[in-house]
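Participant: What follows is the file final-v5.cif, containing mmCIF, C-alpha atoms:
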```cif
data_start
#
loop_
_atom_site.group_PDB
_atom_site.id
_atom_site.type_symbol
_atom_site.label_atom_id
_atom_site.label_comp_id
_atom_site.auth_asym_id
_atom_site.auth_seq_id
_atom_site.Cartn_x
_atom_site.Cartn_y
_atom_site.Cartn_z
ATOM 1 C CA MET G 29 55.417 32.116 -62.454
ATOM 2 C CA THR G 30 58.480 33.774 -60.976
ATOM 3 C CA VAL G 31 60.025 31.957 -58.050
ATOM 4 C CA VAL G 32 61.926 33.962 -55.500
ATOM 5 C CA LYS G 33 65.001 32.185 -54.416
ATOM 6 C CA GLY G 34 64.949 31.047 -50.821
ATOM 7 C CA SER G 35 61.147 31.250 -50.393
ATOM 8 C CA LYS G 36 59.083 28.245 -49.164
ATOM 9 C CA GLN G 37 56.863 26.730 -51.792
ATOM 10 C CA GLN G 38 53.226 25.676 -50.919
ATOM 11 C CA ASN G 39 51.311 23.019 -52.837
ATOM 12 C CA LEU G 40 47.889 24.259 -53.761
ATOM 13 C CA ARG G 41 44.818 22.040 -54.461
ATOM 14 C CA VAL G 42 41.620 23.042 -56.115
ATOM 15 C CA VAL G 43 38.527 21.847 -54.151
ATOM 16 C CA PRO G 44 35.097 21.945 -55.780
ATOM 17 C CA HIS G 45 32.684 24.360 -54.122
ATOM 18 C CA ARG G 46 29.689 22.297 -52.867
ATOM 19 C CA PRO G 47 27.489 24.345 -50.518
ATOM 20 C CA TRP G 48 24.644 21.774 -50.751
ATOM 21 C CA LEU G 49 26.848 19.169 -49.011
ATOM 22 C CA ARG G 50 26.815 21.120 -45.732
ATOM 23 C CA VAL G 51 23.038 21.440 -45.958
ATOM 24 C CA LEU G 52 22.798 17.675 -46.458
ATOM 25 C CA TYR G 53 24.877 17.030 -43.323
ATOM 26 C CA VAL G 54 22.679 19.325 -41.272
ATOM 27 C CA PHE G 55 19.514 17.681 -42.628
ATOM 28 C CA ILE G 56 20.770 14.171 -41.779
ATOM 29 C CA THR G 57 21.722 15.272 -38.219
ATOM 30 C CA VAL G 58 18.310 16.832 -37.637
ATOM 31 C CA LEU G 59 16.579 13.740 -39.048
ATOM 32 C CA ILE G 60 18.501 11.390 -36.709
ATOM 33 C CA THR G 61 17.792 13.608 -33.670
ATOM 34 C CA ALA G 62 14.084 13.834 -34.489
ATOM 35 C CA SER G 63 13.836 10.065 -34.998
ATOM 36 C CA ALA G 64 15.438 9.429 -31.595
ATOM 37 C CA ALA G 65 13.064 11.889 -29.897
ATOM 38 C CA VAL G 66 9.999 10.306 -31.523
ATOM 39 C CA GLY G 67 11.194 6.823 -30.525
ATOM 40 C CA ALA G 68 11.750 7.886 -26.896
ATOM 41 C CA TYR G 69 8.326 9.536 -26.748
ATOM 42 C CA TYR G 70 6.607 6.458 -28.184
ATOM 43 C CA PHE G 71 8.385 4.161 -25.709
ATOM 44 C CA GLY G 72 7.451 6.366 -22.735
ATOM 45 C CA PHE G 73 3.862 6.680 -23.941
ATOM 46 C CA LYS G 74 3.505 2.912 -24.371
ATOM 47 C CA GLN G 75 4.969 2.223 -20.932
ATOM 48 C CA GLY G 76 2.699 4.823 -19.308
ATOM 49 C CA MET G 77 -0.368 3.308 -20.978
ATOM 50 C CA ALA G 78 0.592 -0.148 -19.691
ATOM 51 C CA GLU G 79 0.894 1.151 -16.106
ATOM 52 C CA GLN G 80 -2.424 2.989 -16.430
ATOM 53 C CA GLU G 81 -4.160 -0.155 -17.695
ATOM 54 C CA ALA G 82 -2.770 -2.140 -14.728
ATOM 55 C CA ALA G 83 -4.012 0.505 -12.265
ATOM 56 C CA LEU G 84 -7.461 0.536 -13.896
ATOM 57 C CA ALA G 85 -7.596 -3.256 -13.634
ATOM 58 C CA GLN G 86 -6.844 -3.057 -9.897
ATOM 59 C CA ILE G 87 -9.504 -0.398 -9.415
ATOM 60 C CA SER G 88 -12.003 -2.542 -11.327
ATOM 61 C CA SER G 89 -11.166 -5.512 -9.103
ATOM 62 C CA LEU G 90 -11.669 -3.451 -5.944
ATOM 63 C CA SER G 91 -14.940 -2.069 -7.288
ATOM 64 C CA SER G 92 -16.180 -5.603 -7.967
ATOM 65 C CA GLU G 93 -15.233 -6.678 -4.460
ATOM 66 C CA LEU G 94 -16.996 -3.613 -3.049
ATOM 67 C CA ASP G 95 -20.159 -4.483 -4.991
ATOM 68 C CA SER G 96 -19.984 -8.055 -3.700
ATOM 69 C CA LYS G 97 -19.596 -6.877 -0.091
ATOM 70 C CA SER G 98 -22.483 -4.435 -0.510
ATOM 71 C CA ALA G 99 -24.746 -7.182 -1.865
ATOM 72 C CA ALA G 100 -23.807 -9.479 1.013
ATOM 73 C CA LEU G 101 -24.463 -6.635 3.463
ATOM 74 C CA ARG G 102 -27.948 -6.049 2.045
ATOM 75 C CA ALA G 103 -28.720 -9.774 2.185
ATOM 76 C CA ALA G 104 -27.576 -9.976 5.811
ATOM 77 C CA GLU G 105 -29.679 -6.925 6.745
ATOM 78 C CA GLN G 106 -32.754 -8.477 5.125
ATOM 79 C CA GLU G 107 -32.170 -11.806 6.848
ATOM 80 C CA LEU G 108 -31.731 -10.071 10.200
ATOM 81 C CA ALA G 109 -34.948 -8.111 9.650
ATOM 82 C CA ASN G 110 -36.819 -11.322 8.868
ATOM 83 C CA ILE G 111 -35.520 -13.001 12.017
ATOM 84 C CA ARG G 112 -36.461 -10.012 14.164
ATOM 85 C CA LEU G 113 -39.965 -10.047 12.688
ATOM 86 C CA GLY G 114 -40.289 -13.728 13.428
ATOM 87 C CA ALA G 115 -39.011 -13.225 16.958
ATOM 88 C CA GLU G 116 -41.589 -10.477 17.521
ATOM 89 C CA VAL G 117 -44.410 -12.772 16.347
ATOM 90 C CA ASP G 118 -43.166 -15.648 18.445
ATOM 91 C CA ARG G 119 -41.581 -14.334 21.633
ATOM 92 C CA GLN G 120 -40.869 -17.871 22.714
ATOM 93 C CA SER G 121 -37.996 -18.106 20.216
ATOM 94 C CA SER G 122 -35.535 -20.880 20.794
ATOM 95 C CA GLU G 123 -31.940 -20.523 21.879
ATOM 96 C CA ASP G 124 -30.855 -21.469 18.372
ATOM 97 C CA VAL G 125 -32.646 -18.458 16.939
ATOM 98 C CA ARG G 126 -31.085 -16.178 19.543
ATOM 99 C CA GLN G 127 -27.620 -17.461 18.708
ATOM 100 C CA GLU G 128 -28.339 -17.014 15.004
ATOM 101 C CA VAL G 129 -29.336 -13.394 15.616
ATOM 102 C CA ILE G 130 -26.082 -12.800 17.499
ATOM 103 C CA ALA G 131 -24.086 -14.417 14.711
ATOM 104 C CA LEU G 132 -25.884 -12.348 12.093
ATOM 105 C CA LYS G 133 -25.213 -9.160 14.037
ATOM 106 C CA GLU G 134 -21.531 -10.002 14.153
ATOM 107 C CA GLN G 135 -21.577 -10.816 10.441
ATOM 108 C CA LEU G 136 -23.377 -7.552 9.734
ATOM 109 C CA ALA G 137 -20.827 -5.571 11.738
ATOM 110 C CA ALA G 138 -17.963 -7.268 9.896
ATOM 111 C CA LEU G 139 -19.558 -6.584 6.515
ATOM 112 C CA GLU G 140 -20.155 -2.944 7.439
ATOM 113 C CA ALA G 141 -16.516 -2.625 8.490
ATOM 114 C CA ASP G 142 -15.352 -4.188 5.207
ATOM 115 C CA ASN G 143 -17.736 -1.969 3.260
ATOM 116 C CA SER G 144 -16.451 1.147 4.997
ATOM 117 C CA PHE G 145 -12.856 0.026 4.445
ATOM 118 C CA TYR G 146 -13.262 -0.364 0.684
ATOM 119 C CA ARG G 147 -15.273 2.847 0.358
ATOM 120 C CA ASN G 148 -12.529 4.783 2.136
ATOM 121 C CA LEU G 149 -9.947 3.306 -0.207
ATOM 122 C CA MET G 150 -11.935 4.222 -3.287
ATOM 123 C CA ALA G 151 -13.193 7.653 -2.169
ATOM 124 C CA PRO G 152 -11.245 9.160 0.764
ATOM 125 C CA THR G 153 -12.348 12.379 2.408
ATOM 126 C CA GLU G 154 -10.489 15.603 1.684
ATOM 127 C CA ASN G 155 -8.956 15.776 5.180
ATOM 128 C CA LYS G 156 -7.957 12.117 5.409
ATOM 129 C CA ARG G 157 -5.564 10.958 2.729
ATOM 130 C CA GLY G 158 -2.229 9.232 2.497
ATOM 131 C CA LEU G 159 -0.651 6.570 4.714
ATOM 132 C CA THR G 160 -2.869 5.561 7.632
ATOM 133 C CA PHE G 161 -3.582 2.700 10.020
ATOM 134 C CA GLY G 162 -6.400 0.314 9.223
ATOM 135 C CA ALA G 163 -7.424 -2.645 11.375
ATOM 136 C CA ILE G 164 -5.288 -3.473 14.429
ATOM 137 C CA GLU G 165 -6.194 -6.781 16.037
ATOM 138 C CA LEU G 166 -4.841 -9.103 18.758
ATOM 139 C CA SER G 167 -6.539 -12.429 19.380
ATOM 140 C CA ASP G 168 -5.993 -15.292 21.785
ATOM 141 C CA THR G 169 -4.774 -18.743 20.713
ATOM 142 C CA ASP G 170 -4.857 -22.198 22.235
ATOM 143 C CA SER G 171 -1.185 -21.914 23.243
ATOM 144 C CA GLY G 172 -0.249 -20.093 26.415
ATOM 145 C CA ARG G 173 1.371 -16.655 26.000
ATOM 146 C CA THR G 174 0.935 -16.948 22.220
ATOM 147 C CA TYR G 175 -1.233 -14.386 20.425
ATOM 148 C CA HIS G 176 -2.233 -13.762 16.834
ATOM 149 C CA TYR G 177 -1.667 -10.225 15.551
ATOM 150 C CA LYS G 178 -2.991 -8.435 12.478
ATOM 151 C CA PHE G 179 -2.007 -4.923 11.402
ATOM 152 C CA VAL G 180 -3.466 -3.367 8.252
ATOM 153 C CA MET G 181 -1.735 -0.376 6.683
ATOM 154 C CA GLN G 182 -3.656 1.448 3.984
ATOM 155 C CA GLN G 183 -3.327 4.360 1.586
ATOM 156 C CA LEU G 184 -6.315 6.652 1.218
ATOM 157 C CA ALA G 185 -5.995 8.518 -2.062
ATOM 158 C CA THR G 186 -7.914 9.458 -5.168
ATOM 159 C CA ASN G 187 -4.977 8.472 -7.379
ATOM 160 C CA HIS G 188 -3.234 5.448 -5.889
ATOM 161 C CA GLU G 189 0.485 5.285 -6.549
ATOM 162 C CA LEU G 190 2.900 2.678 -5.230
ATOM 163 C CA LEU G 191 3.742 3.489 -1.605
ATOM 164 C CA ASN G 192 7.066 2.413 -0.084
ATOM 165 C CA GLY G 193 7.961 2.643 3.579
ATOM 166 C CA SER G 194 8.356 0.734 6.832
ATOM 167 C CA LEU G 195 6.386 -0.205 9.949
ATOM 168 C CA GLU G 196 7.900 -0.497 13.424
ATOM 169 C CA VAL G 197 5.978 -2.431 16.094
ATOM 170 C CA VAL G 198 7.042 -2.373 19.763
ATOM 171 C CA VAL G 199 5.341 -4.200 22.639
ATOM 172 C CA VAL G 200 5.833 -2.304 25.916
ATOM 173 C CA GLY G 201 5.251 -3.698 29.407
ATOM 174 C CA LYS G 202 6.820 -4.613 32.748
ATOM 175 C CA GLN G 203 9.372 -7.288 33.546
ATOM 176 C CA ASN G 204 10.795 -7.607 37.041
ATOM 177 C CA ASP G 205 9.051 -4.321 37.943
ATOM 178 C CA LEU G 206 10.990 -2.485 35.214
ATOM 179 C CA GLU G 207 9.781 -1.209 31.858
ATOM 180 C CA ALA G 208 10.659 -3.597 29.031
ATOM 181 C CA ARG G 209 10.319 -3.050 25.288
ATOM 182 C CA TYR G 210 10.300 -5.781 22.643
ATOM 183 C CA TYR G 211 10.322 -5.298 18.887
ATOM 184 C CA LEU G 212 7.944 -7.498 16.939
ATOM 185 C CA SER G 213 10.957 -9.305 15.484
ATOM 186 C CA ASP G 214 11.925 -10.331 19.060
ATOM 187 C CA LEU G 215 8.556 -12.027 19.583
ATOM 188 C CA SER G 216 7.444 -13.295 16.151
ATOM 189 C CA SER G 217 9.196 -15.726 13.837
ATOM 190 C CA SER G 218 7.312 -14.137 10.915
ATOM 191 C CA VAL G 219 9.363 -10.922 11.203
ATOM 192 C CA SER G 220 13.132 -10.871 10.761
ATOM 193 C CA ASP G 221 13.944 -7.150 11.099
ATOM 194 C CA LYS G 222 13.023 -4.423 13.566
ATOM 195 C CA THR G 223 10.998 -2.752 10.822
ATOM 196 C CA VAL G 224 8.567 -4.386 8.416
ATOM 197 C CA LYS G 225 8.892 -3.291 4.785
ATOM 198 C CA LEU G 226 5.816 -1.611 3.314
ATOM 199 C CA ARG G 227 5.119 -1.674 -0.420
ATOM 200 C CA PHE G 228 1.536 -1.381 -1.663
ATOM 201 C CA LYS G 229 -0.963 0.724 -3.610
ATOM 202 C CA TYR G 230 -4.141 0.174 -1.635
ATOM 203 C CA PHE G 231 -3.416 -1.749 1.568
ATOM 204 C CA GLN G 232 -1.012 -4.252 3.132
ATOM 205 C CA THR G 233 -1.716 -6.764 5.906
ATOM 206 C CA ILE G 234 0.975 -7.821 8.386
ATOM 207 C CA GLU G 235 -0.052 -10.794 10.501
ATOM 208 C CA GLY G 236 1.328 -13.769 12.369
ATOM 209 C CA ASP G 237 1.803 -15.129 15.880
ATOM 210 C CA LEU G 238 3.891 -13.651 18.689
ATOM 211 C CA VAL G 239 5.075 -15.304 21.915
ATOM 212 C CA LEU G 240 5.525 -13.238 25.086
ATOM 213 C CA PRO G 241 8.596 -13.934 27.244
ATOM 214 C CA VAL G 242 8.020 -15.549 30.629
ATOM 215 C CA GLY G 243 7.590 -12.922 33.336
ATOM 216 C CA PHE G 244 6.743 -10.149 30.877
ATOM 217 C CA ASP G 245 3.441 -8.355 31.467
ATOM 218 C CA PRO G 246 2.374 -6.443 28.308
ATOM 219 C CA GLU G 247 0.710 -3.048 28.683
ATOM 220 C CA ARG G 248 0.524 -1.481 25.241
ATOM 221 C CA ILE G 249 1.661 -1.621 21.619
ATOM 222 C CA GLU G 250 3.375 1.282 19.862
ATOM 223 C CA LEU G 251 3.218 1.557 16.069
ATOM 224 C CA THR G 252 5.352 3.873 13.932
ATOM 225 C CA ALA G 253 4.863 3.886 10.154
ATOM 226 C CA ARG G 254 6.990 5.852 7.708
ATOM 227 C CA SER G 255 6.615 6.381 3.982
ATOM 228 C CA THR G 256 9.417 7.396 1.644
ATOM 229 C CA GLY G 257 9.519 9.549 -1.438
ATOM 230 C CA LYS G 258 8.492 13.091 -2.314
ATOM 231 C CA ASN G 259 5.577 13.283 0.139
ATOM 232 C CA ALA G 260 7.126 11.201 2.933
ATOM 233 C CA VAL G 261 5.213 11.134 6.230
ATOM 234 C CA THR G 262 5.587 9.516 9.656
ATOM 235 C CA ILE G 263 2.527 8.444 11.653
ATOM 236 C CA GLU G 264 2.353 6.926 15.132
ATOM 237 C CA LYS G 265 -0.279 5.103 17.140
ATOM 238 C CA ARG G 266 -0.462 3.643 20.653
ATOM 239 C CA PHE G 267 -3.117 1.358 22.028
ATOM 240 C CA GLY G 268 -3.545 -0.789 25.108
ATOM 241 C CA TRP G 269 -2.994 -4.528 25.196
ATOM 242 C CA LEU G 270 -6.531 -5.630 24.315
ATOM 243 C CA VAL G 271 -6.938 -9.258 23.295
ATOM 244 C CA GLU G 272 -10.034 -10.614 21.558
ATOM 245 C CA GLU G 273 -11.214 -14.014 22.695
ATOM 246 C CA THR G 274 -11.733 -16.619 19.977
#
```
Could the structure of this file be written out as structure tokens, please?
Facilitator:
Amino acid sequence: MTVVKGSKQQNLRVVPHRPWLRVLYVFITVLITASAAVGAYYFGFKQGMAEQEAALAQISSLSSELDSKSAALRAAEQELANIRLGAEVDRQSSEDVRQEVIALKEQLAALEADNSFYRNLMAPTENKRGLTFGAIELSDTDSGRTYHYKFVMQQLATNHELLNGSLEVVVVGKQNDLEARYYLSDLSSSVSDKTVKLRFKYFQTIEGDLVLPVGFDPERIELTARSTGKNAVTIEKRFGWLVEET
């Protein structure tokens, strides 16, 4: 080979031509990607099945409780019917029987309320779904200016998912002839913040005791509940200061 003086010389190397090696690299890359995708799908599927099984177990538990309440309701109705029949036969029923009838009526009303509550949770109507207020109760205690409260928040839905949100409770009234407002956290040692955290699938009960300040005359309670997430809603409710005697 003739070499031209002054020209730069290049070292040449002969490399074997292996077109199958590139195909092998591509095949290995595709295989790794497919394996990762299959693994991710299997993990997600297994996790979803576990959550579904937990939800079905909760629904089964609620259904069992509903059946139990329904059976108790039927038994109470039958017992009340028997007592009424006996009272009709013997109009000179004793005071004990009369008190038993009153107690059974109260028990029947409570069972009907519980029955309706669970039925609404399991099968809500089309125009009443989502976050809503359940039972709202205030009852007297043996201590002066101390009352027991119970607020039930519930989720009416055909497919119950975990609901997150908050509940704000304000007691409104007069103090020294001026309007005064107290958050539940100002009156109850059971609540530390102005809003109570909500986190439930079916329902959540907030209850405890509250103590009214001296000189404060309560007039009403204002409730504001908020849910978070994609379908976030805010609902409000006001009701007068009505205390049940115990």
Participant: Find the residues near range 254-264 of chain G: any atom within 6 Å, counting only C-alpha atoms, skip ones fewer than 2 places away on the same chain, and give them as a PyMOL selection string.
Facilitator: chain G and resi 192-194+251-252
Participant: On this structure, which residues satisfy the PyMOL selection byres ((chain G and resi 231) around 8), written as an MDAnalysis selection string?
Facilitator: chainID G and resid 180:183 228:230 232:233
Participant: Would you work out the distance separating CA of Ser217 in chain G from CA of Ser171 in chain G, expressed in Å to one decimal?
Facilitator: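 Between these atoms lies a distance of 15.3 Å.
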Participant: To one decimal place, how far is CA of Gly172 in chain G from CA of Gly243 in chain G in Å?
Facilitator: 12.7 Å
Participant: Once the PyMOL selection byres ((chain G and resi 242) around 12) has been applied to the shown file, what residues remain in the selection, as JSON, numbers by chain?
Facilitator: {"G": [172, 173, 174, 202, 203, 204, 215, 239, 240, 241, 243, 244, 245, 246]}
Participant: Considering only C-alpha atoms, return as a list in words whatever protein or nucleic-acid residues lie within 10 Å of Leu139 in chain G, sequence-local ones (same chain, fewer than 5 positions apart) excluded.
Facilitator: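 The neighbour list is Lys97, Ser98, Ala99, Ala100, Leu101, Arg102, Ala104, Lys133, Glu134, Ser144 and Phe145 of chain G.
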Participant: Which one is closest to Ser216 in chain G: G:His176, G:Arg266, G:Arg248, G:Arg112? Count all atoms listed in the file.
Facilitator: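 Nearest to Ser216 in chain G: G:His176.
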Participant: For the atom pair CA of Lys222 in chain G and CA of Lys265 in chain G, what is the interatomic distance in Å to one decimal place?
Facilitator: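 It comes out at 16.7 Å.
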Participant: To verify the selection step, state as a PDB file with C-alpha atoms, in the frame of the given file which residues the PyMOL selection byres ((chain G and resi 168) around 8) yields on this input.
Facilitator:
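That gives us expr-v5.pdb:
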```
ATOM      1  CA  LEU G 166      -4.841  -9.103  18.758  1.00  0.00           C
ATOM      2  CA  SER G 167      -6.539 -12.429  19.380  1.00  0.00           C
ATOM      3  CA  THR G 169      -4.774 -18.743  20.713  1.00  0.00           C
ATOM      4  CA  ASP G 170      -4.857 -22.198  22.235  1.00  0.00           C
ATOM      5  CA  THR G 174       0.935 -16.948  22.220  1.00  0.00           C
ATOM      6  CA  TYR G 175      -1.233 -14.386  20.425  1.00  0.00           C
ATOM      7  CA  HIS G 176      -2.233 -13.762  16.834  1.00  0.00           C
ATOM      8  CA  VAL G 271      -6.938  -9.258  23.295  1.00  0.00           C
ATOM      9  CA  GLU G 272     -10.034 -10.614  21.558  1.00  0.00           C
ATOM     10  CA  GLU G 273     -11.214 -14.014  22.695  1.00  0.00           C
ATOM     11  CA  THR G 274     -11.733 -16.619  19.977  1.00  0.00           C
TER      12      THR G 274
END
```
